[in-house]
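Chemist: Contents are PDB, C-alpha atoms; file name coords.pdb:
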ATOM      1  CA  MET U   3      13.494  -1.399   1.699
ATOM      2  CA  SER U   4      13.374   1.814   3.757
ATOM      3  CA  PHE U   5      10.028   2.899   5.172
ATOM      4  CA  LEU U   6       8.246   5.236   7.565
ATOM      5  CA  ALA U   7       6.837   3.895  10.842
ATOM      6  CA  SER U   8       4.501   5.282  13.478
ATOM      7  CA  VAL U   9       2.212   4.156  16.272
ATOM      8  CA  GLY U  10      -1.136   5.516  17.417
ATOM      9  CA  VAL U  11      -4.749   4.700  18.179
ATOM     10  CA  THR U  12      -6.956   4.938  15.099
ATOM     11  CA  ASN U  13      -9.721   7.542  15.045
ATOM     12  CA  VAL U  14     -12.976   7.165  13.123
ATOM     13  CA  ASP U  15     -15.022  10.356  12.761
ATOM     14  CA  LEU U  16     -18.791  10.423  12.362
ATOM     15  CA  MET U  17     -19.380  13.905  10.977
ATOM     16  CA  TYR U  18     -22.739  15.650  11.083
ATOM     17  CA  VAL U  19     -22.218  18.474   8.584
ATOM     18  CA  GLY U  20     -24.455  21.527   8.279
ATOM     19  CA  MET U  21     -26.001  21.509  11.732
ATOM     20  CA  PRO U  22     -27.911  24.739  12.469
ATOM     21  CA  ARG U  23     -26.861  24.400  16.112
ATOM     22  CA  VAL U  24     -25.899  21.789  18.701
ATOM     23  CA  PRO U  25     -28.997  20.074  20.144
ATOM     24  CA  GLN U  26     -29.874  20.521  23.801
ATOM     25  CA  GLU U  27     -30.837  17.567  26.011
ATOM     26  CA  GLY U  28     -34.039  15.965  24.776
ATOM     27  CA  GLU U  29     -33.815  17.566  21.319
ATOM     28  CA  GLU U  30     -33.250  16.068  17.878
ATOM     29  CA  ILE U  31     -31.770  18.223  15.141
ATOM     30  CA  PHE U  32     -31.094  17.046  11.594
ATOM     31  CA  SER U  33     -27.862  17.705   9.707
ATOM     32  CA  GLN U  34     -27.637  18.551   6.020
ATOM     33  CA  ASP U  35     -24.951  15.924   5.399
ATOM     34  CA  PHE U  36     -23.330  12.957   7.144
ATOM     35  CA  ARG U  37     -19.941  11.359   6.555
ATOM     36  CA  VAL U  38     -17.871   8.556   8.054
ATOM     37  CA  LEU U  39     -14.176   9.417   7.791
ATOM     38  CA  LEU U  40     -10.839   8.236   9.062
ATOM     39  CA  GLY U  41      -9.639  10.744  11.658
ATOM     40  CA  GLY U  42      -6.320  12.359  12.478
ATOM     41  CA  GLY U  43      -3.321  11.683  14.678
ATOM     42  CA  ALA U  44      -0.508   9.319  13.709
ATOM     43  CA  PRO U  45      -2.809   7.204  11.485
ATOM     44  CA  GLY U  46      -3.789  10.339   9.568
ATOM     45  CA  THR U  47      -0.155  11.238   8.991
ATOM     46  CA  ALA U  48       0.544   7.660   7.904
ATOM     47  CA  VAL U  49      -2.234   7.761   5.299
ATOM     48  CA  ASN U  50      -1.048  11.102   3.928
ATOM     49  CA  ALA U  51       2.526   9.824   3.701
ATOM     50  CA  ALA U  52       1.480   6.616   1.952
ATOM     51  CA  ARG U  53      -0.531   8.641  -0.562
ATOM     52  CA  LEU U  54       2.752  10.336  -1.479
ATOM     53  CA  GLY U  55       4.332   6.986  -2.266
ATOM     54  CA  ILE U  56       6.294   6.407   0.953
ATOM     55  CA  PRO U  57       6.175   2.777   2.194
ATOM     56  CA  THR U  58       4.398   3.209   5.530
ATOM     57  CA  ARG U  59       3.827   0.980   8.545
ATOM     58  CA  LEU U  60       1.416   1.808  11.348
ATOM     59  CA  ALA U  61       1.133   0.069  14.709
ATOM     60  CA  THR U  62      -2.454   0.488  15.897
ATOM     61  CA  TYR U  63      -5.395  -1.320  17.474
ATOM     62  CA  LEU U  64      -8.000  -2.969  15.251
ATOM     63  CA  GLY U  65     -10.805  -5.309  16.291
ATOM     64  CA  SER U  66     -13.693  -7.167  14.681
ATOM     65  CA  ASP U  67     -16.158  -4.282  15.082
ATOM     66  CA  LEU U  68     -17.544  -2.324  12.133
ATOM     67  CA  PHE U  69     -15.466   0.797  12.918
ATOM     68  CA  SER U  70     -12.237  -1.229  12.882
ATOM     69  CA  GLY U  71     -13.368  -2.852   9.639
ATOM     70  CA  PHE U  72     -13.885   0.578   8.087
ATOM     71  CA  ALA U  73     -10.451   1.745   9.270
ATOM     72  CA  ARG U  74      -8.732  -1.407   8.031
ATOM     73  CA  ALA U  75     -10.268  -0.962   4.579
ATOM     74  CA  GLN U  76      -9.158   2.685   4.493
ATOM     75  CA  PHE U  77      -5.584   1.748   5.414
ATOM     76  CA  GLU U  78      -5.426  -0.912   2.727
ATOM     77  CA  GLN U  79      -6.990   1.397   0.132
ATOM     78  CA  ASN U  80      -4.382   4.084   0.842
ATOM     79  CA  GLY U  81      -1.336   1.813   0.960
ATOM     80  CA  VAL U  82      -0.716   1.770   4.731
ATOM     81  CA  SER U  83       0.432  -1.527   6.252
ATOM     82  CA  PRO U  84      -1.335  -1.793   9.651
ATOM     83  CA  TYR U  85       0.420  -3.773  12.398
ATOM     84  CA  ASN U  86      -2.348  -4.816  14.770
ATOM     85  CA  LEU U  87      -1.574  -4.347  18.470
ATOM     86  CA  ALA U  88      -4.922  -5.710  19.686
ATOM     87  CA  ALA U  89      -4.786  -9.060  21.482
ATOM     88  CA  GLU U  90      -6.293 -12.010  19.641
ATOM     89  CA  GLY U  91      -9.900 -12.502  20.690
ATOM     90  CA  GLU U  92     -10.098  -9.069  22.323
ATOM     91  CA  THR U  93     -13.656  -7.771  22.504
ATOM     92  CA  GLY U  94     -15.022  -4.246  22.360
ATOM     93  CA  ILE U  95     -14.078  -1.353  20.090
ATOM     94  CA  PRO U  96     -10.322  -0.600  20.195
ATOM     95  CA  VAL U  97     -10.521   2.448  17.912
ATOM     96  CA  ASN U  98     -11.541   5.948  19.010
ATOM     97  CA  VAL U  99     -14.968   6.943  17.659
ATOM     98  CA  THR U 100     -15.874  10.642  17.485
ATOM     99  CA  SER U 101     -19.210  12.223  16.662
ATOM    100  CA  ALA U 102     -18.461  15.677  15.291
ATOM    101  CA  MET U 103     -21.225  18.248  14.814
ATOM    102  CA  LEU U 104     -20.305  21.120  12.485
ATOM    103  CA  THR U 105     -22.374  24.264  13.017
ATOM    104  CA  PRO U 106     -21.963  27.607  11.184
ATOM    105  CA  GLY U 107     -19.787  28.962  14.001
ATOM    106  CA  ASP U 108     -17.827  26.020  15.405
ATOM    107  CA  ARG U 109     -17.405  22.271  15.891
ATOM    108  CA  THR U 110     -18.545  20.119  18.829
ATOM    109  CA  PHE U 111     -17.225  16.642  19.594
ATOM    110  CA  ALA U 112     -18.202  13.584  21.608
ATOM    111  CA  THR U 113     -15.583  10.805  21.644
ATOM    112  CA  TYR U 114     -15.417   7.190  22.807
ATOM    113  CA  CYS U 115     -11.892   6.154  23.765
ATOM    114  CA  LYS U 116     -10.822   2.779  25.152
ATOM    115  CA  PRO U 117      -7.766   3.116  27.453
ATOM    116  CA  THR U 118      -4.688   1.078  26.535
ATOM    117  CA  ALA U 119      -1.815   0.075  28.815
ATOM    118  CA  ILE U 120       1.843   0.350  27.767
ATOM    119  CA  THR U 121       3.605  -2.897  28.689
ATOM    120  CA  ASP U 122       7.079  -4.293  28.015
ATOM    121  CA  GLU U 123       5.513  -6.701  25.526
ATOM    122  CA  LEU U 124       3.844  -3.829  23.698
ATOM    123  CA  LEU U 125       7.108  -1.867  23.536
ATOM    124  CA  GLU U 126       8.907  -4.878  22.073
ATOM    125  CA  ARG U 127       6.217  -5.349  19.416
ATOM    126  CA  ILE U 128       6.415  -1.697  18.403
ATOM    127  CA  TYR U 129      10.208  -1.854  18.225
ATOM    128  CA  THR U 130      10.027  -4.972  16.031
ATOM    129  CA  MET U 131       7.610  -3.199  13.679
ATOM    130  CA  SER U 132       9.743  -0.031  13.560
ATOM    131  CA  LYS U 133      13.225  -1.579  13.283
ATOM    132  CA  GLY U 134      14.832  -0.652   9.982
ATOM    133  CA  ALA U 135      12.646   2.399   9.351
ATOM    134  CA  LYS U 136      14.271   5.451   7.820
ATOM    135  CA  LEU U 137      11.814   7.783   9.597
ATOM    136  CA  VAL U 138       9.768   7.279  12.746
ATOM    137  CA  GLN U 139       7.083   9.587  14.084
ATOM    138  CA  MET U 140       7.475   9.682  17.871
ATOM    139  CA  GLN U 141       4.579   9.398  20.325
ATOM    140  CA  GLU U 142       4.535   9.902  24.075
ATOM    141  CA  GLY U 143       4.900   6.685  26.068
ATOM    142  CA  PHE U 144       7.320   4.748  23.869
ATOM    143  CA  LEU U 145      10.639   6.278  24.920
ATOM    144  CA  PRO U 146      12.546   2.939  25.270
ATOM    145  CA  VAL U 147      11.690   2.136  21.646
ATOM    146  CA  TYR U 148      12.970   5.500  20.421
ATOM    147  CA  ARG U 149      16.214   5.152  22.367
ATOM    148  CA  LYS U 150      16.969   1.905  20.529
ATOM    149  CA  LEU U 151      16.012   3.362  17.162
ATOM    150  CA  HIS U 152      18.087   6.486  17.811
ATOM    151  CA  GLU U 153      21.155   4.328  18.437
ATOM    152  CA  GLU U 154      20.481   2.549  15.142
ATOM    153  CA  GLY U 155      20.408   5.815  13.179
ATOM    154  CA  THR U 156      16.674   6.178  12.578
ATOM    155  CA  ILE U 157      15.498   9.761  11.924
ATOM    156  CA  LEU U 158      13.039  10.678  14.689
ATOM    157  CA  ILE U 159      10.334  13.340  14.346
ATOM    158  CA  PHE U 160       8.441  14.527  17.434
ATOM    159  CA  ASP U 161       5.007  16.058  16.867
ATOM    160  CA  MET U 162       2.483  16.473  19.650
ATOM    161  CA  GLY U 163      -0.691  18.277  20.576
ATOM    162  CA  TRP U 164      -1.284  20.873  23.242
ATOM    163  CA  ASP U 165      -0.501  20.031  26.871
ATOM    164  CA  ASP U 166      -1.077  22.436  29.772
ATOM    165  CA  GLU U 167       2.157  21.064  31.276
ATOM    166  CA  LEU U 168       4.159  21.386  28.059
ATOM    167  CA  SER U 169       7.792  22.016  29.060
ATOM    168  CA  PHE U 170      11.357  20.884  28.440
ATOM    169  CA  GLU U 171      11.297  19.392  31.926
ATOM    170  CA  LYS U 172       8.409  17.076  31.015
ATOM    171  CA  TYR U 173       9.385  16.223  27.439
ATOM    172  CA  GLY U 174      13.145  16.718  27.554
ATOM    173  CA  ASP U 175      13.935  13.028  27.069
ATOM    174  CA  TYR U 176      11.915  12.982  23.842
ATOM    175  CA  LEU U 177      13.337  16.253  22.562
ATOM    176  CA  ARG U 178      16.929  15.188  23.200
ATOM    177  CA  LEU U 179      16.340  12.096  21.042
ATOM    178  CA  ALA U 180      14.342  13.788  18.282
ATOM    179  CA  ASP U 181      15.999  15.023  15.118
ATOM    180  CA  TYR U 182      13.048  17.291  14.339
ATOM    181  CA  TYR U 183      10.325  18.911  16.452
ATOM    182  CA  THR U 184       7.240  20.480  14.830
ATOM    183  CA  PRO U 185       5.376  22.782  17.270
ATOM    184  CA  ASN U 186       2.778  25.343  16.314
ATOM    185  CA  THR U 187       3.008  28.883  17.673
ATOM    186  CA  LYS U 188       1.094  28.215  20.882
ATOM    187  CA  GLU U 189       3.148  25.112  21.659
ATOM    188  CA  ALA U 190       6.460  26.783  20.793
ATOM    189  CA  LEU U 191       5.774  29.785  23.043
ATOM    190  CA  LYS U 192       4.655  27.525  25.896
ATOM    191  CA  ILE U 193       7.610  25.145  25.814
ATOM    192  CA  THR U 194      10.229  27.894  25.425
ATOM    193  CA  GLY U 195       8.628  30.482  27.697
ATOM    194  CA  ARG U 196       9.087  33.185  25.051
ATOM    195  CA  ASP U 197       6.672  35.828  23.758
ATOM    196  CA  THR U 198       7.156  35.646  19.985
ATOM    197  CA  PRO U 199       7.685  32.860  17.422
ATOM    198  CA  GLU U 200      11.045  34.387  16.463
ATOM    199  CA  GLU U 201      12.272  34.237  20.057
ATOM    200  CA  ALA U 202      10.962  30.687  20.447
ATOM    201  CA  LEU U 203      12.698  29.660  17.236
ATOM    202  CA  ARG U 204      16.084  30.782  18.588
ATOM    203  CA  VAL U 205      15.557  28.794  21.786
ATOM    204  CA  LEU U 206      14.661  25.702  19.769
ATOM    205  CA  ALA U 207      17.826  26.242  17.708
ATOM    206  CA  GLU U 208      19.805  25.383  20.850
ATOM    207  CA  TYR U 209      18.363  21.864  20.628
ATOM    208  CA  PHE U 210      17.763  21.284  16.913
ATOM    209  CA  GLU U 211      19.835  21.896  13.810
ATOM    210  CA  HIS U 212      16.663  22.759  11.871
ATOM    211  CA  PRO U 213      14.087  24.347  14.204
ATOM    212  CA  LEU U 214      10.653  25.353  12.962
ATOM    213  CA  VAL U 215       7.479  26.969  14.260
ATOM    214  CA  LYS U 216       4.193  26.466  12.414
ATOM    215  CA  LEU U 217       2.266  29.743  12.070
ATOM    216  CA  ASP U 218      -1.049  28.220  10.952
ATOM    217  CA  LYS U 219      -2.512  30.336   8.100
ATOM    218  CA  ASP U 220       0.683  32.400   7.796
ATOM    219  CA  GLY U 221       2.993  29.508   6.947
ATOM    220  CA  CYS U 222       6.046  28.236   8.790
ATOM    221  CA  LEU U 223       9.029  29.960  10.384
ATOM    222  CA  ILE U 224      12.469  28.381  10.064
ATOM    223  CA  LEU U 225      16.024  29.460  10.826
ATOM    224  CA  GLU U 226      18.270  29.830   7.801
ATOM    225  CA  ASP U 227      21.864  31.112   7.996
ATOM    226  CA  GLY U 228      21.152  32.230  11.549
ATOM    227  CA  ARG U 229      18.110  34.349  10.605
ATOM    228  CA  PRO U 230      14.363  33.637  10.858
ATOM    229  CA  ARG U 231      12.789  32.991   7.473
ATOM    230  CA  LEU U 232       9.066  32.794   6.777
ATOM    231  CA  LEU U 233       7.919  30.200   4.261
ATOM    232  CA  ARG U 234       4.388  31.267   3.369
ATOM    233  CA  ASN U 235       1.368  29.054   2.794
ATOM    234  CA  ILE U 236       0.119  28.329  -0.710
ATOM    235  CA  PRO U 237      -2.243  31.189  -1.689
ATOM    236  CA  GLU U 238      -4.544  29.103  -3.904
ATOM    237  CA  PHE U 239      -5.807  27.039  -0.945
ATOM    238  CA  THR U 240      -8.888  28.305   0.921
ATOM    239  CA  CYS U 241      -9.545  26.932   4.403
ATOM    240  CA  LYS U 242     -12.837  25.101   4.920
ATOM    241  CA  ASP U 243     -11.926  22.867   7.885
ATOM    242  CA  SER U 244      -8.553  22.952   9.650
ATOM    243  CA  THR U 245      -8.995  19.531  11.293
ATOM    244  CA  GLY U 246      -5.942  17.374  10.567
ATOM    245  CA  ALA U 247      -3.839  20.151   9.028
ATOM    246  CA  GLY U 248      -0.920  19.408  11.348
ATOM    247  CA  ASP U 249      -0.976  15.710  10.444
ATOM    248  CA  ALA U 250      -0.937  16.558   6.748
ATOM    249  CA  PHE U 251       1.870  19.097   7.216
ATOM    250  CA  LEU U 252       3.941  16.439   8.963
ATOM    251  CA  ALA U 253       3.440  14.011   6.083
ATOM    252  CA  GLY U 254       4.739  16.570   3.589
ATOM    253  CA  LEU U 255       7.700  17.400   5.798
ATOM    254  CA  MET U 256       8.570  13.713   6.112
ATOM    255  CA  TYR U 257       8.261  13.255   2.357
ATOM    256  CA  GLY U 258      11.044  15.796   1.946
ATOM    257  CA  LEU U 259      13.168  14.237   4.687
ATOM    258  CA  TYR U 260      12.630  10.754   3.270
ATOM    259  CA  HIS U 261      13.882  11.841  -0.153
ATOM    260  CA  GLY U 262      16.726  13.997   1.142
ATOM    261  CA  TYR U 263      15.508  17.442   0.068
ATOM    262  CA  PRO U 264      16.943  20.634   1.616
ATOM    263  CA  PHE U 265      15.112  21.556   4.807
ATOM    264  CA  ALA U 266      13.370  24.608   3.302
ATOM    265  CA  ASP U 267      11.884  22.369   0.608
ATOM    266  CA  CYS U 268      10.780  19.858   3.246
ATOM    267  CA  VAL U 269       8.840  22.649   4.960
ATOM    268  CA  ARG U 270       7.404  23.801   1.608
ATOM    269  CA  PHE U 271       6.125  20.270   1.058
ATOM    270  CA  GLY U 272       4.525  20.468   4.505
ATOM    271  CA  ASN U 273       2.872  23.780   3.663
ATOM    272  CA  ILE U 274       1.477  22.236   0.486
ATOM    273  CA  THR U 275       0.086  19.054   2.070
ATOM    274  CA  GLY U 276      -1.207  20.925   5.120
ATOM    275  CA  GLY U 277      -2.738  23.656   2.982
ATOM    276  CA  LYS U 278      -4.479  21.225   0.667
ATOM    277  CA  SER U 279      -5.969  19.266   3.568
ATOM    278  CA  VAL U 280      -7.913  22.250   4.942
ATOM    279  CA  THR U 281      -9.792  22.783   1.659
ATOM    280  CA  GLY U 282     -12.190  19.930   2.508
ATOM    281  CA  VAL U 283     -14.202  18.760   5.502
ATOM    282  CA  GLY U 284     -12.426  16.078   7.533
ATOM    283  CA  CYS U 285      -8.807  15.138   8.096
ATOM    284  CA  LEU U 286      -8.188  13.136   4.940
ATOM    285  CA  THR U 287     -10.778  14.247   2.393
ATOM    286  CA  GLU U 288      -8.501  16.532   0.368
ATOM    287  CA  TYR U 289      -4.890  15.706  -0.446
ATOM    288  CA  VAL U 290      -2.223  15.966  -3.136
ATOM    289  CA  GLN U 291      -0.633  13.176  -5.121
ATOM    290  CA  GLU U 292       3.151  13.110  -5.435
ATOM    291  CA  SER U 293       3.109  14.639  -8.928
ATOM    292  CA  GLU U 294       0.934  17.549  -7.771
ATOM    293  CA  LEU U 295       3.139  18.056  -4.710
ATOM    294  CA  LEU U 296       6.255  18.370  -6.863
ATOM    295  CA  ALA U 297       4.521  20.671  -9.331
ATOM    296  CA  LEU U 298       3.314  23.016  -6.590
ATOM    297  CA  ARG U 299       6.751  23.057  -5.000
ATOM    298  CA  GLU U 300       8.231  24.206  -8.316
ATOM    299  CA  LYS U 301       5.452  26.757  -8.847
ATOM    300  CA  TYR U 302       5.900  28.317  -5.420
ATOM    301  CA  LYS U 303       9.643  27.784  -4.935
ATOM    302  CA  ASP U 304      10.167  31.492  -4.248
ATOM    303  CA  LEU U 305       7.256  31.873  -1.825
TER     304      LEU U 305
END
Would it be possible to restate this file's structure as structure tokens?
Modeler:
Amino acid sequence: MSFLASVGVTNVDLMYVGMPRVPQEGEEIFSQDFRVLLGGGAPGTAVNAARLGIPTRLATYLGSDLFSGFARAQFEQNGVSPYNLAAEGETGIPVNVTSAMLTPGDRTFATYCKPTAITDELLERIYTMSKGAKLVQMQEGFLPVYRKLHEEGTILIFDMGWDDELSFEKYGDYLRLADYYTPNTKEALKITGRDTPEEALRVLAEYFEHPLVKLDKDGCLILEDGRPRLLRNIPEFTCKDSTGAGDAFLAGLMYGLYHGYPFADCVRFGNITGGKSVTGVGCLTEYVQESELLALREKYKDL
């Protein structure tokens, strides 16, 4: 059975919604609402992909603490098979825990993060979990694993966040292995050294058969028959919280790749899943089922 595989530390978000402002030292301010939610990153993409019916494996760290228990239940509820990287008997909290305060004008975060070391044993465990996958979402630090998978014909997708040192010099080894790279506008301009998304797209075309640049609320730019083409976002979606939009976009894109759709349709799927995710508060609150995804793709096939 083919499947999708990824690796990443799990994030649990404690969200204080409807804060009038962020409290100063010594103050207590009450929120209008409070939610405990699974956060973004590779685990968020894995959940979104599994919700679309793709068999999904996730290598992550889970302990015996209440936050890990919450995350484990969420994975099981959404059809993700977690592969636990935590050592047996390990103490502490191996998941990232974020307190997010949402005020009328912005969001403020405080995060607990337990450092993890990348060892040869860890790399071997991740390779064992990923071997045989049709698609693998790449993460920084696991290059030896991706080299093996690349030789075996696995489709590799590289998605990353902002880095002040983002460059081909720093990430060239990953980009040369990746079949697809999914930067947003800021990342694409930084890594290519260009001034516009269109110029960045043409530079990326030197490395990828199907380059793309995510334009946030405006959609996604791709290269088709040698010309830039804009695939617009779905107009019926109204943004409430953009947290996790990139993770959701990636899940839709991988749905298309997994099922062998033309690249433009893969990006449309990404626009749909990413667009739906921003209509709710939190990374994984709002999402589409496979039937809705296919219906929206047909409805907006000319967008």
Chemist: Dump as a PyMOL selection string all residues having an atom at most 10 Å from (17.8, 17.2, 9.6), computed in the file's coordinates with all atoms listed in the file.
Modeler: chain U and resi 157-159+180-182+210-213+259+262-265+268
Chemist: Calculate how many Å separate atom CA of Pro96 of chain U from atom CA of Ser70 of chain U, rounding to one decimal.
Modeler: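 The value is 7.6 Å.
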Chemist: Need the shell around segment 217-227 of chain U: protein/DNA/RNA residues with any atom at most 8 Å away, counting only C-alpha atoms. Skip same-chain ones fewer than 5 positions apart. Format as number ranges by chain?
Modeler: U: 186-187, 199-200, 203-204, 207, 212, 232-235, 266, 269, 273
Chemist: Using the chain letters and numbering of this document, enumerate as an mmCIF file with C-alpha atoms, in the frame of the given file the residues selected by the PyMOL selection byres ((chain U and resi 4-12) around 6).
Modeler:
data_model
loop_
_atom_site.group_PDB
_atom_site.id
_atom_site.type_symbol
_atom_site.label_atom_id
_atom_site.label_comp_id
_atom_site.auth_asym_id
_atom_site.auth_seq_id
_atom_site.Cartn_x
_atom_site.Cartn_y
_atom_site.Cartn_z
ATOM 1 C CA MET U 3 13.494 -1.399 1.699
ATOM 2 C CA ASN U 13 -9.721 7.542 15.045
ATOM 3 C CA ALA U 44 -0.508 9.319 13.709
ATOM 4 C CA PRO U 45 -2.809 7.204 11.485
ATOM 5 C CA PRO U 57 6.175 2.777 2.194
ATOM 6 C CA THR U 58 4.398 3.209 5.530
ATOM 7 C CA ARG U 59 3.827 0.980 8.545
ATOM 8 C CA LEU U 60 1.416 1.808 11.348
ATOM 9 C CA ALA U 61 1.133 0.069 14.709
ATOM 10 C CA THR U 62 -2.454 0.488 15.897
ATOM 11 C CA VAL U 97 -10.521 2.448 17.912
ATOM 12 C CA SER U 132 9.743 -0.031 13.560
ATOM 13 C CA ALA U 135 12.646 2.399 9.351
ATOM 14 C CA LYS U 136 14.271 5.451 7.820
ATOM 15 C CA LEU U 137 11.814 7.783 9.597
ATOM 16 C CA VAL U 138 9.768 7.279 12.746
ATOM 17 C CA GLN U 139 7.083 9.587 14.084
#
Chemist: Can you translate the PyMOL selection byres ((chain U and resi 38) around 7) into the concrete residues it hits in this file, as an MDAnalysis selection string?
Modeler: chainID U and resid 15:17 37 39
Chemist: Please, could you write that set of residues out with C-alpha atoms as a short mmCIF file (atom, residue, chain, number, x, y, z; two decimals), keeping the file's coordinate frame?
Modeler:
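The new file out36.cif reads:
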data_model
loop_
_atom_site.label_atom_id
_atom_site.label_comp_id
_atom_site.auth_asym_id
_atom_site.auth_seq_id
_atom_site.Cartn_x
_atom_site.Cartn_y
_atom_site.Cartn_z
CA ASP U 15 -15.02 10.36 12.76
CA LEU U 16 -18.79 10.42 12.36
CA MET U 17 -19.38 13.90 10.98
CA ARG U 37 -19.94 11.36 6.56
CA LEU U 39 -14.18 9.42 7.79
#
